[in-house]
file entry_4.txt (compact mmCIF, C-alpha atoms and all ligand atoms)
# COMPACT_ATOMS: atom_id res chain seq x y z
CA MET A 1 9.42 1.48 -40.01
CA VAL A 2 12.72 0.15 -41.37
CA TYR A 3 12.55 2.66 -44.20
CA ASN A 4 12.04 5.48 -41.71
CA SER A 5 15.14 4.62 -39.68
CA LEU A 6 17.11 4.13 -42.87
CA ARG A 7 16.03 7.56 -44.03
CA LYS A 8 17.12 9.08 -40.73
CA VAL A 9 20.57 7.47 -41.01
CA LEU A 10 20.90 8.71 -44.58
CA LEU A 11 19.85 12.20 -43.57
CA VAL A 12 22.47 12.36 -40.80
CA LEU A 13 25.12 10.99 -43.16
CA GLY A 14 24.18 13.62 -45.71
CA ILE A 15 24.48 16.40 -43.14
CA ILE A 16 27.90 15.17 -42.01
CA LEU A 17 29.13 14.99 -45.60
CA SER A 18 27.77 18.37 -46.56
CA CYS A 19 29.33 19.99 -43.45
CA SER A 20 32.69 18.58 -44.46
CA ILE A 21 32.65 20.38 -47.79
CA LEU A 22 31.46 23.78 -46.57
CA GLY A 23 33.93 26.08 -44.89
CA HIS A 24 36.57 28.75 -45.25
CA SER A 25 40.18 29.36 -46.23
CA TRP A 26 40.78 28.17 -49.81
CA GLY A 27 37.37 26.80 -48.97
CA PHE A 28 37.60 23.34 -47.48
CA PHE A 29 37.12 22.24 -51.05
CA GLY A 30 40.23 24.00 -52.35
CA HIS A 31 42.50 22.71 -49.57
CA LYS A 32 41.36 19.16 -50.21
CA VAL A 33 41.88 19.34 -53.96
CA ILE A 34 45.34 20.90 -53.55
CA GLN A 35 46.35 18.27 -50.98
CA GLN A 36 45.57 15.45 -53.37
CA LEU A 37 47.41 17.17 -56.25
CA ALA A 38 50.48 17.69 -54.05
CA ILE A 39 50.79 13.91 -53.61
CA TYR A 40 51.01 13.47 -57.38
CA GLY A 41 54.01 15.81 -57.50
CA LEU A 42 56.12 13.70 -55.13
CA PRO A 43 59.06 11.53 -56.21
CA LYS A 44 58.53 7.75 -56.34
CA ASP A 45 60.34 7.11 -53.04
CA MET A 46 57.72 9.13 -51.18
CA GLN A 47 54.63 8.68 -53.27
CA GLY A 48 53.58 5.19 -52.15
CA PHE A 49 53.50 6.23 -48.50
CA TYR A 50 51.61 9.47 -49.17
CA HIS A 51 49.19 7.77 -51.52
CA ARG A 52 48.40 5.08 -48.95
CA HIS A 53 47.45 7.89 -46.56
CA MET A 54 45.82 10.11 -49.17
CA ALA A 55 42.27 10.03 -47.77
CA HIS A 56 43.59 10.92 -44.31
CA LEU A 57 45.81 13.72 -45.64
CA VAL A 58 42.98 15.16 -47.71
CA GLU A 59 40.62 15.06 -44.72
CA THR A 60 43.12 16.66 -42.31
CA SER A 61 44.13 19.36 -44.81
CA VAL A 62 41.48 21.55 -43.14
CA ARG A 63 42.24 20.62 -39.51
CA PRO A 64 44.07 23.92 -38.79
CA ASP A 65 40.91 25.83 -39.78
CA GLN A 66 38.77 23.64 -37.55
CA ARG A 67 41.21 24.22 -34.70
CA ARG A 68 40.53 27.98 -34.89
CA ASN A 69 37.19 27.44 -33.16
CA ASP A 70 38.69 26.31 -29.87
CA ASP A 71 42.28 27.55 -29.90
CA SER A 72 42.77 31.32 -29.75
CA THR A 73 46.45 31.05 -30.74
CA GLU A 74 45.54 29.38 -34.04
CA ALA A 75 44.17 32.25 -36.16
CA PRO A 76 47.40 34.29 -36.70
CA ARG A 77 49.10 31.26 -38.24
CA HIS A 78 46.90 31.51 -41.34
CA PHE A 79 47.72 35.00 -42.61
CA ILE A 80 49.95 38.05 -42.59
CA ASP A 81 48.44 41.53 -42.86
CA LEU A 82 51.42 43.05 -44.61
CA GLU A 83 50.15 46.64 -44.90
CA ALA A 84 50.09 46.88 -41.10
CA LEU A 85 53.83 46.24 -40.97
CA GLY A 86 55.17 49.21 -42.92
CA GLU A 87 54.88 51.47 -45.95
CA LYS A 88 56.78 49.02 -48.14
CA PRO A 89 56.26 45.79 -46.22
CA LEU A 90 57.74 43.50 -48.89
CA GLU A 91 61.04 45.28 -48.44
CA GLU A 92 60.83 46.12 -44.76
CA VAL A 93 59.56 43.01 -42.94
CA PRO A 94 62.47 40.86 -41.69
CA HIS A 95 62.29 37.29 -42.94
CA THR A 96 63.41 35.58 -39.74
CA TYR A 97 61.06 35.48 -36.76
CA PRO A 98 63.53 36.78 -34.12
CA ALA A 99 64.36 39.83 -36.26
CA ALA A 100 60.67 40.50 -37.00
CA ALA A 101 59.70 40.09 -33.33
CA ALA A 102 62.49 42.49 -32.32
CA LYS A 103 61.26 45.06 -34.83
CA TYR A 104 57.48 44.86 -34.21
CA SER A 105 57.02 42.97 -30.86
CA THR A 106 55.47 39.52 -30.62
CA ASP A 107 52.07 41.03 -29.74
CA THR A 108 52.01 43.02 -32.97
CA LEU A 109 52.91 39.91 -34.97
CA GLN A 110 50.18 37.90 -33.24
CA LYS A 111 47.73 40.60 -34.21
CA TYR A 112 48.74 40.91 -37.87
CA GLY A 113 49.66 37.30 -38.51
CA ILE A 114 52.65 34.97 -38.43
CA ALA A 115 52.00 32.62 -41.39
CA PRO A 116 55.43 32.73 -43.12
CA TRP A 117 57.31 32.13 -39.88
CA HIS A 118 54.95 29.44 -38.67
CA ILE A 119 55.44 27.55 -41.96
CA ILE A 120 59.19 27.34 -41.28
CA LYS A 121 58.49 26.06 -37.76
CA MET A 122 56.19 23.35 -39.16
CA LYS A 123 58.80 22.44 -41.79
CA GLU A 124 61.36 21.86 -39.04
CA ARG A 125 58.90 19.67 -37.10
CA LEU A 126 58.18 17.60 -40.20
CA THR A 127 61.92 17.18 -40.81
CA ARG A 128 62.34 15.90 -37.25
CA ALA A 129 59.39 13.53 -37.69
CA PHE A 130 61.18 12.03 -40.73
CA GLN A 131 64.40 11.72 -38.70
CA ARG A 132 62.49 9.80 -36.00
CA ARG A 133 60.66 7.72 -38.65
CA ASP A 134 57.49 8.48 -36.75
CA THR A 135 54.51 7.80 -39.03
CA ASP A 136 51.90 9.65 -36.95
CA SER A 137 54.02 12.78 -36.71
CA ILE A 138 54.95 12.65 -40.40
CA LEU A 139 51.26 12.64 -41.31
CA TYR A 140 50.34 15.23 -38.70
CA TYR A 141 52.97 17.78 -39.71
CA SER A 142 52.61 17.06 -43.43
CA ALA A 143 48.94 18.08 -43.17
CA ASP A 144 49.51 21.14 -40.98
CA LEU A 145 52.48 22.42 -42.97
CA ALA A 146 50.54 21.97 -46.21
CA HIS A 147 47.56 23.96 -44.93
CA TYR A 148 49.58 27.06 -44.04
CA ILE A 149 51.55 26.92 -47.31
CA GLN A 150 48.26 26.78 -49.20
CA ASP A 151 46.85 29.70 -47.22
CA VAL A 152 49.68 32.08 -48.15
CA HIS A 153 49.04 31.34 -51.82
CA VAL A 154 45.70 33.14 -51.41
CA PRO A 155 46.39 36.84 -52.07
CA LEU A 156 43.86 38.05 -49.48
CA HIS A 157 45.67 36.05 -46.76
CA THR A 158 48.53 38.56 -47.12
CA SER A 159 46.46 41.72 -46.79
CA LEU A 160 44.91 43.88 -44.08
CA ASN A 161 41.99 44.25 -46.49
CA TYR A 162 41.47 40.49 -46.24
CA ASP A 163 37.74 40.51 -47.00
CA GLY A 164 37.58 43.62 -49.14
CA GLN A 165 36.10 45.21 -45.99
CA LEU A 166 38.25 48.35 -46.24
CA THR A 167 37.13 49.08 -49.81
CA GLY A 168 33.41 48.25 -49.56
CA GLN A 169 33.88 44.82 -51.12
CA HIS A 170 32.76 42.59 -48.24
CA GLY A 171 32.66 38.89 -49.01
CA LEU A 172 35.46 39.01 -51.55
CA HIS A 173 37.53 36.56 -49.49
CA SER A 174 35.22 33.62 -49.87
CA LEU A 175 34.26 34.61 -53.40
CA TRP A 176 37.88 34.36 -54.56
CA GLU A 177 39.01 31.32 -52.63
CA SER A 178 35.81 29.25 -52.34
CA LYS A 179 33.04 30.14 -54.73
CA VAL A 180 35.16 30.78 -57.81
CA PRO A 181 37.23 27.55 -57.62
CA GLU A 182 34.22 25.40 -56.66
CA GLN A 183 32.27 26.76 -59.60
CA ASN A 184 35.05 26.57 -62.15
CA LEU A 185 37.26 23.64 -61.21
CA ALA A 186 36.15 21.65 -64.26
CA SER A 187 37.80 24.20 -66.54
CA TYR A 188 41.09 24.35 -64.62
CA ASN A 189 44.35 22.80 -65.69
CA LEU A 190 45.49 21.13 -62.46
CA GLN A 191 48.80 19.75 -63.62
CA HIS A 192 51.87 21.19 -61.94
CA ASN A 193 55.61 20.59 -61.82
CA LYS A 194 57.16 17.85 -59.73
CA ALA A 195 58.55 18.59 -56.28
CA ARG A 196 61.97 20.24 -56.19
CA TYR A 197 64.48 20.53 -53.39
CA LEU A 198 64.25 23.93 -51.68
CA ALA A 199 67.74 25.05 -50.70
CA ASN A 200 66.26 28.00 -48.80
CA PRO A 201 62.69 27.27 -47.64
CA GLN A 202 62.47 30.60 -45.82
CA GLU A 203 63.12 32.64 -48.95
CA GLU A 204 60.84 30.37 -50.98
CA ILE A 205 57.91 31.10 -48.68
CA TRP A 206 58.61 34.83 -48.72
CA GLY A 207 58.60 34.56 -52.52
CA VAL A 208 55.09 33.07 -52.28
CA VAL A 209 53.96 35.85 -49.92
CA ARG A 210 55.34 38.46 -52.33
CA SER A 211 53.62 37.02 -55.42
CA SER A 212 50.33 36.67 -53.51
CA HIS A 213 50.49 40.20 -52.16
CA LEU A 214 51.23 41.70 -55.57
CA LEU A 215 47.95 40.22 -56.87
CA VAL A 216 45.80 42.01 -54.26
CA PRO A 217 45.28 45.33 -56.12
CA LYS A 218 44.37 43.45 -59.29
CA LEU A 219 41.70 41.23 -57.74
CA LEU A 220 40.13 44.24 -55.97
CA GLU A 221 40.14 46.27 -59.17
CA ILE A 222 38.55 43.46 -61.19
CA GLU A 223 35.73 43.24 -58.65
CA ARG A 224 35.06 46.97 -59.12
CA GLN A 225 35.20 46.66 -62.87
CA VAL A 226 32.82 43.66 -63.02
CA SER A 227 30.42 45.36 -60.58
CA GLN A 228 29.67 48.03 -63.17
CA ASN A 229 27.58 45.47 -65.06
CA PHE A 230 25.56 44.47 -61.97
CA THR A 231 22.99 46.03 -59.68
CA ASP A 232 22.86 45.27 -55.94
CA ASP A 233 20.07 42.80 -56.68
CA THR A 234 21.99 40.86 -59.32
CA LYS A 235 25.31 41.08 -57.48
CA TYR A 236 24.27 39.84 -54.04
CA THR A 237 22.02 37.26 -52.52
CA ILE A 238 21.01 37.44 -48.86
CA VAL A 239 21.68 34.29 -46.82
CA GLU A 240 20.65 33.58 -43.24
CA ARG A 241 23.35 32.02 -41.11
CA ASN A 242 23.22 31.51 -37.33
CA GLY A 243 20.28 33.90 -37.08
CA ARG A 244 22.12 36.64 -38.98
CA SER A 245 21.63 37.66 -42.55
CA ARG A 246 24.63 38.37 -44.73
CA LYS A 247 25.27 39.33 -48.30
CA ASN A 248 26.93 36.77 -50.56
CA TYR A 249 27.95 37.20 -54.16
CA THR A 250 25.58 35.56 -56.65
CA ASP A 251 26.56 32.75 -59.01
CA ALA A 252 26.18 35.12 -61.95
CA PHE A 253 28.60 37.61 -60.42
CA SER A 254 31.04 34.84 -59.57
CA SER A 255 31.04 33.63 -63.19
CA ALA A 256 31.59 37.11 -64.55
CA TYR A 257 34.35 37.74 -61.99
CA ASN A 258 36.10 34.48 -62.85
CA LYS A 259 36.05 35.34 -66.53
CA VAL A 260 37.97 38.55 -66.00
CA LEU A 261 40.31 36.98 -63.41
CA GLY A 262 41.36 34.58 -66.17
CA THR A 263 43.65 31.88 -64.81
CA MET A 264 44.52 33.67 -61.57
CA VAL A 265 42.80 31.25 -59.18
CA GLN A 266 43.87 28.19 -61.15
CA ASP A 267 47.48 29.38 -61.21
CA ARG A 268 47.55 29.95 -57.45
CA MET A 269 46.08 26.48 -56.88
CA ARG A 270 48.71 24.84 -59.06
CA ALA A 271 51.56 26.81 -57.50
CA SER A 272 50.18 25.89 -54.10
CA ALA A 273 50.17 22.15 -54.88
CA GLU A 274 53.69 22.33 -56.27
CA MET A 275 55.01 24.19 -53.24
CA THR A 276 53.30 21.78 -50.83
CA SER A 277 54.96 18.90 -52.65
CA SER A 278 58.34 20.62 -52.59
CA PHE A 279 58.14 21.35 -48.85
CA TRP A 280 57.26 17.71 -48.09
CA TYR A 281 60.12 16.52 -50.30
CA THR A 282 62.63 18.97 -48.80
CA SER A 283 61.68 17.93 -45.26
CA TRP A 284 62.14 14.26 -46.22
CA VAL A 285 65.61 14.93 -47.73
CA ASP A 286 66.63 17.03 -44.72
CA GLY A 287 65.27 14.29 -42.45
CA GLY A 288 67.76 11.80 -43.93
CA LYS A 289 65.54 10.27 -46.67
CA PRO A 290 64.06 7.49 -44.52
CA ASP A 291 62.65 4.47 -46.38
CA LEU A 292 58.94 5.29 -46.19
CA ASP A 293 57.78 1.97 -47.61
CA LYS A 294 59.18 0.37 -44.45
CA LEU A 295 56.82 2.51 -42.38
CA LEU A 296 53.73 1.04 -44.04
CA ALA A 297 51.86 -1.43 -41.84
CA MET A 298 51.21 -3.58 -44.92
CA PRO A 299 53.26 -3.66 -48.11
CA ARG A 300 51.67 -1.97 -51.12
CA ALA A 301 49.39 -4.30 -53.01
CA LYS A 302 49.41 -4.63 -56.80
CA ALA A 303 45.95 -3.06 -57.06
CA GLU A 304 47.09 -0.11 -54.98
CA LYS A 305 50.06 0.52 -57.26
CA LYS A 306 47.80 0.27 -60.29
CA GLN A 307 45.33 2.72 -58.80
CA LEU A 308 48.11 5.28 -58.24
CA LYS A 309 49.31 4.77 -61.79
CA ASN A 310 45.80 5.45 -63.12
CA GLU A 311 45.48 8.57 -61.00
CA LEU A 312 48.84 9.90 -62.19
CA LYS A 313 47.84 9.29 -65.76
CA ALA A 314 44.54 11.11 -65.26
CA TRP A 315 46.32 13.96 -63.50
CA LYS A 316 48.71 14.41 -66.43
CA LYS A 317 45.89 14.22 -68.95
CA GLY A 318 43.67 16.60 -66.98
CA THR A 319 40.89 14.03 -66.52
CA LEU A 320 40.86 13.59 -62.71
CA LEU A 321 37.48 15.23 -62.38
CA GLU A 322 35.96 13.53 -65.39
CA LYS A 323 37.09 10.10 -64.17
CA ASP A 324 35.72 10.80 -60.71
CA LEU A 325 39.13 10.54 -59.08
CA LEU A 326 39.10 13.71 -56.99
CA LEU A 327 38.36 12.69 -53.42
CA THR A 328 36.38 15.85 -52.61
CA LYS A 329 34.24 15.34 -55.69
CA ILE A 330 33.65 11.69 -54.85
CA ARG A 331 32.22 12.90 -51.56
CA ILE A 332 29.85 15.16 -53.43
CA SER A 333 28.70 12.34 -55.71
CA LEU A 334 28.23 10.16 -52.62
CA MET A 335 25.98 12.89 -51.24
CA ASN A 336 24.00 12.87 -54.45
CA VAL A 337 23.52 9.12 -54.14
CA ILE A 338 22.34 9.55 -50.56
CA GLU A 339 19.91 12.26 -51.63
CA TRP A 340 18.63 10.09 -54.44
CA VAL A 341 18.15 7.03 -52.19
CA SER A 342 16.37 9.07 -49.50
CA SER A 343 14.06 10.68 -52.00
CA SER A 344 13.16 7.35 -53.57
CA LEU A 345 12.39 5.99 -50.08
CA ALA A 346 10.19 8.98 -49.25
ZN ZN B 1 43.63 28.46 -43.05
call {"tool": "encode", "arguments": {"input": "entry_4.txt", "output": "structure tokens"}}
result
Amino acid sequence: MVYNSLRKVLLVLGIILSCSILGHSWGFFGHKVIQQLAIYGLPKDMQGFYHRHMAHLVETSVRPDQRRNDDSTEAPRHFIDLEALGEKPLEEVPHTYPAAAAKYSTDTLQKYGIAPWHIIKMKERLTRAFQRRDTDSILYYSADLAHYIQDVHVPLHTSLNYDGQLTGQHGLHSLWESKVPEQNLASYNLQHNKARYLANPQEEIWGVVRSSHLLVPKLLEIERQVSQNFTDDTKYTIVERNGRSRKNYTDAFSSAYNKVLGTMVQDRMRASAEMTSSFWYTSWVDGGKPDLDKLLAMPRAKAEKKQLKNELKAWKKGTLLEKDLLLTKIRISLMNVIEWVSSSLA
């Protein structure tokens, strides 16, 4: 009797945990890893505060994606379909929102995405939150800003051919940003540079958009090249979702694809963490460098400082995963424990 109810509780817990690691857009997994890494790139004056709130920031790193389900204005904030905006979009699209809206109309921008402009809006809100020394808003805008910055580091978030759908390569979006990093994280070097002050955040973000967009032809071409060694049966697996069947890339294809991509996904993840860190830091400086330790409800305990030190050491040595210090991975191991306990109770 008791065992039965315990098993039910464990089952529900397991479902909740597994839902939280499945998803889209850098995969929920990727966003969460990058968010944690970004905290390690912060200067000392900010790090204690961000580390105290690390679990919350990691969890809310995917909130903008979850918001897409019930807010129709949300989707365009996550991408920009550059090819829809001109023959040579990297040269032609104005970098300020008013100039872009005047050139294309706000409706057109809503249709093809507003990510780079929305990032600047979020940066300004975070700066104001620092000026007001408002903890809730600092956390809220830190998470939202980070998400959109991370999205534009994904090449396919800057392209009209966002899922390979225009070139017969359906499913490429989640292959590149979810399956490949989830499968290969253990081999990635996740160390990145410390946060730097961004004198011109707008141009920095357009620099990110440019480098992402320039990778699009390459990642499409590599998919074509790798496909030559696969048949439809070895390349795809059919999965049923919400009563519909869809084709997903197989693990074998994903491995082969990752091999030829080389460090492309890893490099975008690292750049993404570094840029997230730099945007948080810049907003803090522009917000008057408030003393963040004073915003903590309780002063930092010795053990807490030691824990951060250990994490930073592991980050620098590339042993975060091995030492079980990645929050997303800890969730997965917790799921394994739950599975193990439920099966031994069965
Ligand atoms: Zn997103």
call {"tool": "closest_atom_pairs", "arguments": {"input": "entry_4.txt", "of": "chain A", "to": "ligand ZN 1 (chain B)", "cutoff": "7 Å", "atoms": "all atoms listed in the file", "output": "CSV"}}
result
residue,atom,partner,partner_atom,distance
A:Ser25,CA,B:ZN1,ZN,4.8
A:Pro64,CA,B:ZN1,ZN,6.2
A:Asp65,CA,B:ZN1,ZN,5.0
A:His78,CA,B:ZN1,ZN,4.8
A:His147,CA,B:ZN1,ZN,6.3
A:Tyr148,CA,B:ZN1,ZN,6.2
A:Asp151,CA,B:ZN1,ZN,5.4
call {"tool": "closest_residue", "arguments": {"input": "entry_4.txt", "among": "A:Val226, A:Leu327, A:Leu190, A:Val285", "to": "A:Arg128", "atoms": "all atoms listed in the file"}}
result
A:Val285
call {"tool": "atom_distance", "arguments": {"input": "entry_4.txt", "atom1": "atom CA of A:Lys329", "atom2": "atom CA of A:Ala146"}}
result
20.0 Å
call {"tool": "residues_around", "arguments": {"input": "entry_4.txt", "residues": "A:Ile119", "least_positions_apart": "6", "cutoff": "9 Å", "atoms": "all atoms listed in the file", "output": "list in words"}}
result
Arg77, Asp144, Leu145, Ala146, Tyr148, Ile149, Gln202 and Ile205 of chain A
call {"tool": "residues_near_point", "arguments": {"input": "entry_4.txt", "point": "(50.6, 47.5, -43.2)", "cutoff": "12 Å", "atoms": "only C-alpha atoms", "output": "ChimeraX atom specification"}}
result
/A:80-93,104,108-109,111-113,158-162,213
call {"tool": "atom_distance", "arguments": {"input": "entry_4.txt", "atom1": "atom CA of A:Gln66", "atom2": "atom CA of A:Ile120"}}
result
21.1 Å
call {"tool": "closest_atom_pairs", "arguments": {"input": "entry_4.txt", "of": "stretch 155-198 of chain A", "to": "stretch 271-275 of chain A", "cutoff": "8 Å", "atoms": "all atoms listed in the file", "output": "tab-separated table"}}
result
residue	atom	partner	partner_atom	distance
A:His192	CA	A:Glu274	CA	6.1
A:Asn193	CA	A:Glu274	CA	6.1
A:Lys194	CA	A:Glu274	CA	6.6
A:Ala195	CA	A:Glu274	CA	6.1
call {"tool": "write_last_selection", "arguments": {"input": "entry_4.txt", "atoms": "C-alpha atoms", "output": "PDB file, in the frame of the given file"}}
result
ATOM      1  CA  HIS A 192      51.870  21.190 -61.940  1.00  0.00           C
ATOM      2  CA  ASN A 193      55.610  20.590 -61.820  1.00  0.00           C
ATOM      3  CA  LYS A 194      57.160  17.850 -59.730  1.00  0.00           C
ATOM      4  CA  ALA A 195      58.550  18.590 -56.280  1.00  0.00           C
TER       5      ALA A 195
END
call {"tool": "residues_around", "arguments": {"input": "entry_4.txt", "residues": "A:Asn200", "least_positions_apart": "3", "cutoff": "12 Å", "atoms": "only C-alpha atoms", "output": "list in words"}}
result
His95, Ile120, Lys123, Arg196, Tyr197, Glu203, Glu204, Ile205, Trp206, Gly207, Ser278, Phe279, Thr282, Ser283 and Asp286 of chain A
call {"tool": "closest_atom_pairs", "arguments": {"input": "entry_4.txt", "of": "stretch 198-244 of chain A", "to": "stretch 170-187 of chain A", "cutoff": "10 Å", "atoms": "all atoms listed in the file", "output": "Markdown table"}}
result
| residue | atom | partner | partner_atom | distance |
| --- | --- | --- | --- | --- |
| A:Leu219 | CA | A:Trp176 | CA | 8.5 |
| A:Leu220 | CA | A:Leu172 | CA | 8.3 |
| A:Glu223 | CA | A:Leu172 | CA | 8.3 |
| A:Tyr236 | CA | A:Gly171 | CA | 9.8 |
call {"tool": "atom_distance", "arguments": {"input": "entry_4.txt", "atom1": "atom CA of A:Val58", "atom2": "atom CA of A:Asp134"}}
result
19.4 Å
call {"tool": "closest_residue", "arguments": {"input": "entry_4.txt", "among": "A:Leu320, A:Ala303, A:Ala102, A:Leu292", "to": "A:Phe130", "atoms": "only C-alpha atoms"}}
result
A:Leu292
call {"tool": "closest_residue", "arguments": {"input": "entry_4.txt", "among": "A:Gln191, A:Val209, A:Val62, A:Met269", "to": "A:Ile114", "atoms": "all atoms listed in the file"}}
result
A:Val209
call {"tool": "closest_residue", "arguments": {"input": "entry_4.txt", "among": "A:Leu57, A:Pro290, A:His118, A:Thr167", "to": "A:Gln131", "atoms": "only C-alpha atoms"}}
result
A:Pro290
call {"tool": "axis_aligned_box", "arguments": {"input": "entry_4.txt", "around": "stretch 282-297 of chain A", "padding_each_side": "8 Å", "output": "AutoDock Vina command-line options"}}
result
--center_x 59.8 --center_y 8.8 --center_z -45.3 --size_x 31.9 --size_y 36.4 --size_z 23.0
call {"tool": "closest_residue", "arguments": {"input": "entry_4.txt", "among": "A:Val239, A:Ile34, A:Ala301, A:Leu295", "to": "A:Arg132", "atoms": "all atoms listed in the file"}}
result
A:Leu295
call {"tool": "closest_residue", "arguments": {"input": "entry_4.txt", "among": "A:Arg224, A:Arg68, A:Arg300, A:Lys235", "to": "A:Gly168", "atoms": "all atoms listed in the file"}}
result
A:Arg224
call {"tool": "residues_near_point", "arguments": {"input": "entry_4.txt", "point": "(44.5, 14.4, -51.1)", "cutoff": "9 Å", "atoms": "only C-alpha atoms", "output": "list in words"}}
result
His31, Lys32, Val33, Ile34, Gln35, Gln36, Leu37, Ala38, Ile39, Tyr50, His51, His53, Met54, Ala55, His56, Leu57, Val58, Glu59, Ser61, Leu326, Leu327 and Thr328 of chain A
